[in-house]
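Colleague: Following this message is one structure expressed as structure tokens.
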Amino acid sequence: ADTVQLLSLEREDDLEMLFETARKIRKANFGSKIFTYGFAYKSTFCRNDCTFCYFRRSNKRPQRYRKKTQDVLDIARYLSKEGVNLMDLTMGEDPRFHDSKNGELDALVQLVKDIKAVTDLPVMISPGVVPDEALAMLAAAGVTWYACYQETHNPALFKTLRTGQPYEERLEKKRVARKLGLLIEEGILSGIGESLSDIAHSIQVMRALDVDQVRVMKFVPQPGTPMATHAEEASLRECLIIAVLRLSFPDRLIPASLDVDGLAGLKMRLNAGANVITSLVPPEYGLSGVAHSELDIENANRTMTGIRPILDVCHLSAAKREDYLAWVRARQTVFS
Ligand code: SAM
Ligand code: MD0
Ligand code: SF4
């Protein structure tokens, strides 16, 4: 069946068959092991004004912060002890981190080194579009992954979402990252006015990019933004796309994010063929989520302890650090 046909499935039994196929493909490639990523929103300042995002520059509501090095290190230590496989440092496009003028970029570079020294965890960085030199410095410091989601590969739709941001520049940054030896994560938003052929086209573009990790997250309306009253689609649609991604990228990593529906939405995403749980966030550090700035954080649902019962019912288990490192190394040798 072609991609658009799969994406138009609606009947419950058809969907169940698709999800089952996706799980079989996951099993053939990854067994029953699921990778886990810790998440820290390092800076919630941003120069951009994406219409879908709570942290867009013009929104007055978010709590803006830049987490101190020591706090992020504590967080990484906590998550590492819990057994996560990777630490994702995310930030708004905060220009303070874009050059060496004020010391923040150098502090970030040092933070990456410290996380690796203290926890031995691989690091993913999600800083948005940053200068090539900054990316090169982070790569040299030992960052493993660059995550940067295009949201859509329809340039006209992109323009309405990422207002004022050049489509090509954002796409190109991922090629730059790959050339620097980084693994790359690319992704799309669903429920933002895309057509089924837009999604199919995204899959083609992401295949051409040869991305290592590929995600879909459904759009969650954010207070204080132009899309605050935009309809929110059913989470099942995100799951359908996850399953189609699994069919299209059998041996790549596909996240089930805790950020969209919290712990309650984990099982359905794993059942759709996801093999990474992202956005594990420890309580009590005052950290924000992205699609939900608070959901399930302070009640400790977004922790390894929180997710284990779900892994159990799905007959899955959390991968050990060695399993994850082996996968990463194997991917790195493909293009080095
Ligand atoms: N500022 C960097 C950037 O935009 O690449 C890094 C932040 S990254 C965590 C932001 C990602 O979260 C976006 O690329 C988008 O895919 C997702 N996101 C943001 N707002 C969202 C929302 N309201 N609903 C669902 N996903 C959202
Ligand atoms: C997540 N909140 O995994 C995080 C974020 C950025 N690399 C990831 C969107 O859902
Ligand atoms: Fe800024 Fe990223 Fe939010 Fe866009 S998605 S407003 S770049 S934090």
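Ligands are numbered from 1 in the order shown, chains are lettered A, B, ... in the order of the structure tokens, and residues start at 1 in each chain.
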Around ligand 3, out to 10 Å and counting only C-alpha atoms and all ligand atoms, which residues are there? I want them as a PyMOL selection string.
Modeller: chain A and resi 41+43-59+90-94+126-129+148-151+161-163+165+290-291
Colleague: Name each residue within 9 Å of ligand 2, counting only C-alpha atoms and all ligand atoms, as a PyMOL selection string.
Modeller: chain A and resi 37-41+88-91+124-127+146-149+185+217+255-260+277-281+288-292
Colleague: Since we have the selection now, will you write its residues out, keeping C-alpha atoms, as a short mmCIF file (atom, residue, chain, number, x, y, z; two decimals), in the first residue's frame?
Modeller:
```
data_model
loop_
_atom_site.label_atom_id
_atom_site.label_comp_id
_atom_site.auth_asym_id
_atom_site.auth_seq_id
_atom_site.Cartn_x
_atom_site.Cartn_y
_atom_site.Cartn_z
CA TYR A 37 15.84 9.96 27.03
CA GLY A 38 16.07 12.47 29.82
CA PHE A 39 15.06 16.02 29.00
CA ALA A 40 16.09 19.40 30.34
CA TYR A 41 14.70 22.66 29.02
CA ASP A 88 18.61 15.94 25.78
CA LEU A 89 19.47 19.62 26.31
CA THR A 90 16.78 21.72 24.71
CA MET A 91 16.49 25.47 24.42
CA MET A 124 21.51 15.41 22.40
CA ILE A 125 21.30 19.10 21.76
CA SER A 126 18.09 20.83 20.59
CA PRO A 127 18.99 24.50 20.23
CA TYR A 146 21.43 17.31 16.87
CA ALA A 147 17.62 17.46 17.03
CA CYS A 148 15.81 20.02 14.91
CA TYR A 149 12.31 19.47 13.62
CA GLU A 185 16.70 13.83 14.58
CA MET A 217 4.08 14.97 17.73
CA PRO A 255 10.02 8.53 19.93
CA ALA A 256 6.94 8.26 22.07
CA SER A 257 7.02 11.65 23.78
CA LEU A 258 5.73 12.05 27.30
CA ASP A 259 5.34 15.73 26.52
CA VAL A 260 2.16 15.44 24.46
CA ILE A 277 10.57 7.27 25.34
CA THR A 278 11.51 10.91 25.39
CA SER A 279 10.95 13.83 27.74
CA LEU A 280 11.66 12.08 31.02
CA VAL A 281 11.81 15.02 33.42
CA SER A 288 9.30 23.16 31.87
CA GLY A 289 8.02 20.81 29.19
CA VAL A 290 7.42 21.97 25.62
CA ALA A 291 4.00 20.90 24.38
CA HIS A 292 2.80 20.90 27.98
#
```
Colleague: From the DSSP assignment of the backbone, select every residue of stretch 21-237 of chain A that is alpha helix (DSSP H), and format the answer as a ChimeraX atom specification.
Modeller: /A:21-30,69-82,104-119,132-140,155-161,167-179,196-209,235-237
Colleague: Have a look at atom CA of A:Asp261 and atom CA of A:Leu295 and let me know their distance in Å, one decimal.
Modeller: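 Those two atoms sit 7.9 Å apart.
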Colleague: Env of A:Val118: 12 Å cut, atoms = only C-alpha atoms, seq-sep filter 6 positions within chain, self excluded. Answer as a ChimeraX atom specification.
Modeller: /A:70,72-81,110-112
Colleague: Export, as a compact mmCIF listing (two decimals), in the first residue's frame, the selected residues with N, CA and C atoms.
Modeller:
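Output file part-v1.txt follows:
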```txt
# COMPACT_ATOMS: atom_id res chain seq x y z
N GLN A 70 25.12 24.07 37.26
CA GLN A 70 25.10 23.13 38.38
C GLN A 70 23.76 22.41 38.47
N VAL A 72 21.66 21.80 35.96
CA VAL A 72 21.53 20.84 34.86
C VAL A 72 22.38 19.60 35.14
N LEU A 73 23.52 19.82 35.74
CA LEU A 73 24.36 18.67 36.09
C LEU A 73 23.67 17.78 37.12
N ASP A 74 23.02 18.41 38.10
CA ASP A 74 22.27 17.63 39.11
C ASP A 74 21.17 16.82 38.44
N ILE A 75 20.48 17.47 37.50
CA ILE A 75 19.40 16.81 36.78
C ILE A 75 19.93 15.61 35.99
N ALA A 76 21.05 15.84 35.31
CA ALA A 76 21.64 14.76 34.51
C ALA A 76 22.06 13.60 35.42
N ARG A 77 22.60 13.94 36.57
CA ARG A 77 23.03 12.92 37.51
C ARG A 77 21.84 12.09 37.98
N TYR A 78 20.77 12.80 38.34
CA TYR A 78 19.53 12.14 38.79
C TYR A 78 19.01 11.18 37.72
N LEU A 79 18.92 11.69 36.48
CA LEU A 79 18.36 10.88 35.40
C LEU A 79 19.27 9.70 35.08
N SER A 80 20.56 9.95 35.14
CA SER A 80 21.52 8.88 34.87
C SER A 80 21.38 7.76 35.89
N LYS A 81 21.25 8.15 37.16
CA LYS A 81 21.07 7.14 38.22
C LYS A 81 19.81 6.34 38.00
N GLN A 110 31.12 23.58 27.94
CA GLN A 110 31.67 22.98 29.16
C GLN A 110 30.64 22.06 29.83
N LEU A 111 29.39 22.48 29.80
CA LEU A 111 28.33 21.67 30.41
C LEU A 111 28.23 20.30 29.72
N VAL A 112 28.33 20.31 28.40
CA VAL A 112 28.29 19.05 27.65
C VAL A 112 29.43 18.14 28.12
```
